[in-house]
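Engineer: Handing over structure.txt, compact mmCIF, C-alpha atoms and all ligand atoms.
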# COMPACT_ATOMS: atom_id res chain seq x y z
CA MET A 8 -29.59 43.37 -32.44
CA ARG A 9 -30.82 39.82 -32.06
CA LEU A 10 -27.94 37.84 -30.56
CA PHE A 11 -27.04 34.41 -29.27
CA TYR A 12 -23.93 32.55 -28.16
CA CYS A 13 -23.25 29.23 -29.84
CA PHE A 14 -20.74 26.62 -30.87
CA GLU A 15 -20.21 26.67 -34.60
CA LEU A 16 -19.56 23.33 -36.27
CA PRO A 17 -17.06 22.35 -38.98
CA GLN A 18 -18.47 22.25 -42.50
CA GLU A 19 -18.02 18.48 -42.84
CA VAL A 20 -19.92 17.89 -39.59
CA ARG A 21 -22.77 20.11 -40.79
CA ALA A 22 -22.87 18.13 -44.05
CA GLN A 23 -22.97 14.82 -42.15
CA LEU A 24 -25.77 16.02 -39.88
CA TYR A 25 -27.75 17.17 -42.89
CA GLU A 26 -27.43 13.67 -44.39
CA ILE A 27 -28.39 12.00 -41.11
CA ALA A 28 -31.56 14.09 -41.01
CA ARG A 29 -32.48 13.22 -44.60
CA PRO A 30 -35.28 10.70 -43.74
CA LEU A 31 -37.04 13.37 -41.68
CA ARG A 32 -37.39 15.51 -44.77
CA GLN A 33 -39.79 12.93 -46.24
CA ALA A 34 -42.34 13.97 -43.63
CA GLU A 35 -45.72 15.07 -44.84
CA ALA A 36 -45.82 18.15 -42.69
CA ARG A 37 -45.06 21.82 -42.92
CA VAL A 38 -41.52 22.03 -41.61
CA THR A 39 -39.00 24.83 -41.99
CA TRP A 40 -35.76 22.96 -42.59
CA VAL A 41 -32.64 24.68 -41.30
CA ARG A 42 -30.03 25.15 -44.01
CA PRO A 43 -26.88 23.16 -43.13
CA GLU A 44 -24.75 26.30 -43.20
CA ASN A 45 -26.88 27.52 -40.28
CA PHE A 46 -26.40 24.38 -38.12
CA HIS A 47 -24.96 25.24 -34.70
CA VAL A 48 -25.31 24.37 -31.00
CA THR A 49 -26.96 27.27 -29.18
CA LEU A 50 -25.42 28.06 -25.80
CA LYS A 51 -27.64 30.95 -24.91
CA PHE A 52 -30.23 32.90 -26.85
CA LEU A 53 -30.15 36.55 -25.77
CA GLY A 54 -32.91 38.00 -27.95
CA GLU A 55 -32.94 41.71 -28.78
CA VAL A 56 -29.94 43.42 -27.22
CA GLU A 57 -28.99 47.11 -27.29
CA PRO A 58 -25.86 47.66 -29.40
CA SER A 59 -24.38 49.39 -26.34
CA ALA A 60 -24.33 46.00 -24.53
CA VAL A 61 -22.20 44.29 -27.17
CA ASP A 62 -18.86 45.29 -25.66
CA ALA A 63 -19.77 43.64 -22.35
CA LEU A 64 -20.99 40.52 -24.20
CA LYS A 65 -17.70 40.38 -26.10
CA ALA A 66 -15.71 40.72 -22.88
CA LEU A 67 -17.74 37.88 -21.38
CA GLY A 68 -17.16 35.62 -24.39
CA ALA A 69 -13.41 36.17 -24.12
CA GLN A 70 -13.49 35.53 -20.37
CA ILE A 71 -15.41 32.24 -20.72
CA ALA A 72 -13.30 30.98 -23.62
CA ALA A 73 -10.14 31.56 -21.59
CA LYS A 74 -11.46 29.31 -18.81
CA PHE A 75 -12.55 26.21 -20.76
CA PRO A 76 -10.71 23.65 -22.90
CA LYS A 77 -11.52 22.50 -26.40
CA SER A 78 -13.51 19.27 -26.42
CA GLU A 79 -15.39 16.89 -28.66
CA ILE A 80 -19.09 16.11 -28.87
CA THR A 81 -20.47 12.99 -30.50
CA PHE A 82 -23.87 13.44 -32.09
CA ASP A 83 -25.76 10.15 -31.83
CA THR A 84 -29.45 10.89 -31.29
CA VAL A 85 -32.39 12.37 -33.19
CA GLY A 86 -35.36 13.71 -31.28
CA ALA A 87 -37.97 16.41 -30.92
CA PHE A 88 -38.84 19.15 -28.44
CA PRO A 89 -40.97 19.15 -26.42
CA ASP A 90 -41.35 15.44 -27.27
CA LEU A 91 -42.14 13.14 -30.18
CA ARG A 92 -45.89 13.29 -29.59
CA ARG A 93 -45.80 17.07 -29.96
CA PRO A 94 -42.82 17.68 -32.23
CA ARG A 95 -42.09 21.38 -32.64
CA VAL A 96 -38.29 21.37 -32.92
CA LEU A 97 -36.53 18.48 -34.65
CA TRP A 98 -32.96 18.08 -33.46
CA ILE A 99 -29.81 16.01 -33.51
CA GLY A 100 -28.14 15.71 -30.13
CA SER A 101 -25.75 13.73 -28.01
CA GLN A 102 -26.50 11.21 -25.30
CA GLN A 103 -23.11 11.77 -23.74
CA ALA A 104 -22.00 15.34 -24.26
CA PRO A 105 -18.86 16.04 -22.20
CA GLN A 106 -19.36 17.62 -18.80
CA VAL A 107 -17.11 20.49 -19.76
CA LEU A 108 -19.71 21.76 -22.24
CA PHE A 109 -22.33 21.85 -19.50
CA ASP A 110 -19.87 23.59 -17.18
CA LEU A 111 -19.05 26.18 -19.83
CA GLN A 112 -22.72 26.84 -20.51
CA ALA A 113 -23.49 27.13 -16.78
CA SER A 114 -20.63 29.57 -16.31
CA LEU A 115 -21.80 31.70 -19.25
CA GLU A 116 -25.37 31.59 -17.98
CA ARG A 117 -24.35 32.60 -14.47
CA GLU A 118 -22.54 35.68 -15.74
CA LEU A 119 -25.41 36.60 -18.06
CA THR A 120 -27.88 36.33 -15.21
CA LYS A 121 -25.79 38.89 -13.32
CA MET A 122 -26.10 41.13 -16.39
CA GLY A 123 -29.89 40.81 -16.26
CA PHE A 124 -30.57 38.08 -18.82
CA GLU A 125 -33.07 35.39 -17.90
CA ALA A 126 -31.83 31.92 -17.06
CA GLU A 127 -32.75 28.88 -19.18
CA ARG A 128 -34.50 26.00 -17.51
CA HIS A 129 -31.81 23.56 -18.53
CA PHE A 130 -29.22 23.14 -21.24
CA ALA A 131 -29.65 20.29 -23.72
CA PRO A 132 -26.91 20.56 -26.36
CA HIS A 133 -28.47 19.99 -29.76
CA VAL A 134 -28.50 21.08 -33.39
CA THR A 135 -31.93 22.13 -34.59
CA VAL A 136 -32.54 20.70 -38.06
CA GLY A 137 -36.19 21.65 -38.56
CA ARG A 138 -39.09 23.52 -37.03
CA VAL A 139 -42.55 21.98 -37.41
CA LYS A 140 -45.09 24.54 -38.51
CA ASP A 141 -48.37 22.65 -37.99
CA GLU A 142 -49.44 21.11 -34.71
CA HIS A 143 -51.51 18.55 -36.59
CA THR A 144 -48.47 16.45 -37.50
CA ALA A 145 -47.99 15.79 -33.80
CA ARG A 146 -50.92 13.42 -33.76
CA VAL A 147 -49.90 11.15 -36.61
CA GLY A 148 -46.61 10.07 -35.03
CA GLN A 149 -44.77 10.20 -38.32
CA PHE A 150 -41.58 11.68 -36.89
CA ALA A 151 -41.16 8.78 -34.47
CA ARG A 152 -41.54 6.43 -37.46
CA LEU A 153 -39.07 8.36 -39.60
CA ILE A 154 -36.54 8.58 -36.77
CA SER A 155 -36.73 4.81 -36.30
CA GLN A 156 -35.57 4.49 -39.92
CA ILE A 157 -32.33 6.34 -39.22
CA ALA A 158 -29.46 3.89 -38.74
CA PRO A 159 -27.36 4.30 -35.58
CA PHE A 160 -24.70 6.95 -36.09
CA ALA A 161 -21.86 8.65 -34.25
CA CYS A 162 -20.86 12.00 -35.71
CA HIS A 163 -17.84 13.47 -33.92
CA ALA A 164 -17.42 17.25 -33.82
CA GLN A 165 -14.52 19.22 -32.36
CA ILE A 166 -15.70 22.09 -30.18
CA THR A 167 -12.95 24.67 -30.51
CA HIS A 168 -14.63 28.08 -30.34
CA ILE A 169 -17.48 30.06 -28.84
CA THR A 170 -19.23 32.52 -31.14
CA LEU A 171 -21.44 35.49 -30.42
CA MET A 172 -23.81 35.41 -33.38
CA GLU A 173 -26.22 37.96 -34.80
CA SER A 174 -29.45 36.59 -36.21
CA GLN A 175 -31.37 38.58 -38.78
CA LEU A 176 -34.78 37.21 -39.60
CA SER A 177 -35.77 37.22 -43.24
CA PRO A 178 -38.59 35.58 -45.21
CA SER A 179 -36.12 33.04 -46.61
CA GLY A 180 -34.83 32.05 -43.16
CA ALA A 181 -32.49 33.43 -40.54
CA ILE A 182 -29.21 34.98 -41.61
CA TYR A 183 -26.46 34.42 -39.05
CA THR A 184 -23.40 36.64 -38.89
CA PRO A 185 -20.63 36.13 -36.33
CA VAL A 186 -20.07 39.22 -34.19
CA ALA A 187 -17.03 37.73 -32.44
CA THR A 188 -15.44 34.30 -32.03
CA TRP A 189 -13.11 33.10 -29.26
CA GLU A 190 -10.90 30.06 -29.32
CA LEU A 191 -11.22 27.76 -26.34
CA THR A 192 -8.13 27.08 -24.28
P1 LIG B 1 -32.32 26.13 -31.12
O1 LIG B 1 -30.94 26.14 -30.51
O2 LIG B 1 -33.18 25.10 -30.48
O3 LIG B 1 -32.29 26.03 -32.59
C1 LIG B 1 -31.03 31.41 -32.87
O4 LIG B 1 -32.35 31.77 -33.03
C2 LIG B 1 -30.90 30.24 -31.96
O5 LIG B 1 -31.30 30.55 -30.63
C3 LIG B 1 -31.70 29.05 -32.43
O6 LIG B 1 -30.84 28.00 -32.70
C4 LIG B 1 -32.68 28.79 -31.31
O7 LIG B 1 -32.99 27.52 -30.85
C5 LIG B 1 -32.15 29.55 -30.15
N1 LIG B 1 -33.29 30.05 -29.37
C6 LIG B 1 -33.56 29.76 -28.08
N2 LIG B 1 -34.63 30.41 -27.65
C7 LIG B 1 -35.09 31.13 -28.70
C8 LIG B 1 -36.20 32.01 -28.88
N3 LIG B 1 -37.06 32.30 -27.90
N4 LIG B 1 -36.38 32.54 -30.10
C9 LIG B 1 -35.53 32.25 -31.11
N5 LIG B 1 -34.47 31.45 -31.00
C10 LIG B 1 -34.24 30.89 -29.80
Rewrite the structure of this file - the entire thing - as structure tokens.
Ligand code: 2AM
Structural biologist:
Amino acid sequence: MRLFYCFELPQEVRAQLYEIARPLRQAEARVTWVRPENFHVTLKFLGEVEPSAVDALKALGAQIAAKFPKSEITFDTVGAFPDLRRPRVLWIGSQQAPQVLFDLQASLERELTKMGFEAERHFAPHVTVGRVKDEHTARVGQFARLISQIAPFACHAQITHITLMESQLSPSGAIYTPVATWELT
């Protein structure tokens, strides 16, 4: 099973983020646009996991959720990974995500490392809205131009749950199915 932990987002937040990203979709580039129903904040991508490991991953999700409070993130920034000169992943993020989200992610990561999963380099909370399919677009700088056309915004989202999500890849895009969800404290 291909699994990851994430924060799911309320439907109205996903709709707002989809609207905010609208100017990007004018780009003349091959981009796979993420469907708004699939918008989420990844906490940790696990990759292929044996079904026998799921019970331990569920126990960990419950343990982490019991330790951290609900919080709010304000999405206010559009950007690209690795950077705007080489845009591969187009995202909406937050310049001031609450510390508690970083603490939660670090705690989850620490426990997963003990279970043998590899550590991320660093956590940058974001919602991926598109994946650029041709390197060529990097050179023309069009994403920087399109991003500059997006008016300042502040989209508030309540972070209330952690979800262990299954991702099934299909030709028409990933299909995400929650395996388990835990309410934060
Ligand atoms: P993202 O958070 O930048 O979008 C499910 O595939 C989620 O796990 C995606 O949201 C994706 O990135 C994240 N992810 C992290 N590393 C990944 C990898 N090597 N392959 C696929 N998805 C990955």
Engineer: So which residues are close to (-44.0, 23.2, -36.4), meaning at most 6 Å away in the file's coordinates with all atoms listed in the file counted, and can you show them as a PyMOL selection string?
Structural biologist: chain A and resi 38+95+138-141
Engineer: Find the residues near ligand LIG 1 (chain B). Use a cut-off of 12 Å, count all atoms listed in the file, and write them as a PyMOL selection string.
Structural biologist: chain A and resi 8-15+39-42+45-55+86-89+95-100+125-138+170-176+180-185
Engineer: Taking into account all atoms listed in the file, which residue in the set A:Gln156, A:Phe82, A:Arg117, A:Val186 is nearest to Pro58 in chain A?
Structural biologist: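 With all atoms listed in the file as the atom set, the closest residue is A:Val186.
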Engineer: Which is closer to Gln70 in chain A than all the others in A:Ser114, A:Gln165, A:Thr120, A:Ser155, using all atoms listed in the file?
Structural biologist: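 Closest candidate: A:Ser114.
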Engineer: Have a look at CA of Leu24 in chain A and CA of Cys162 in chain A and let me know their distance in Å, one decimal.
Structural biologist: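 Atom-to-atom, CA of Leu24 in chain A and CA of Cys162 in chain A are spaced 7.6 Å apart.
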Engineer: Mind pulling up the distance from CA of Leu67 in chain A to CA of Glu118 in chain A?
Structural biologist: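 Computed distance, CA of Glu118 in chain A to CA of Leu67 in chain A, equals 7.7 Å.
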Engineer: Quick one, how far is CA of Ser177 in chain A from CA of Pro43 in chain A?
Structural biologist: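 According to the coordinates, CA of Ser177 in chain A and CA of Pro43 in chain A are separated by 16.6 Å.
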Engineer: Using only C-alpha atoms, pick whichever of A:Leu115, A:Leu191, A:Ala104, A:Met122 has the shortest atom-to-atom distance to Asp83 in chain A.
Structural biologist: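 With only C-alpha atoms as the atom set, the closest residue is A:Ala104.
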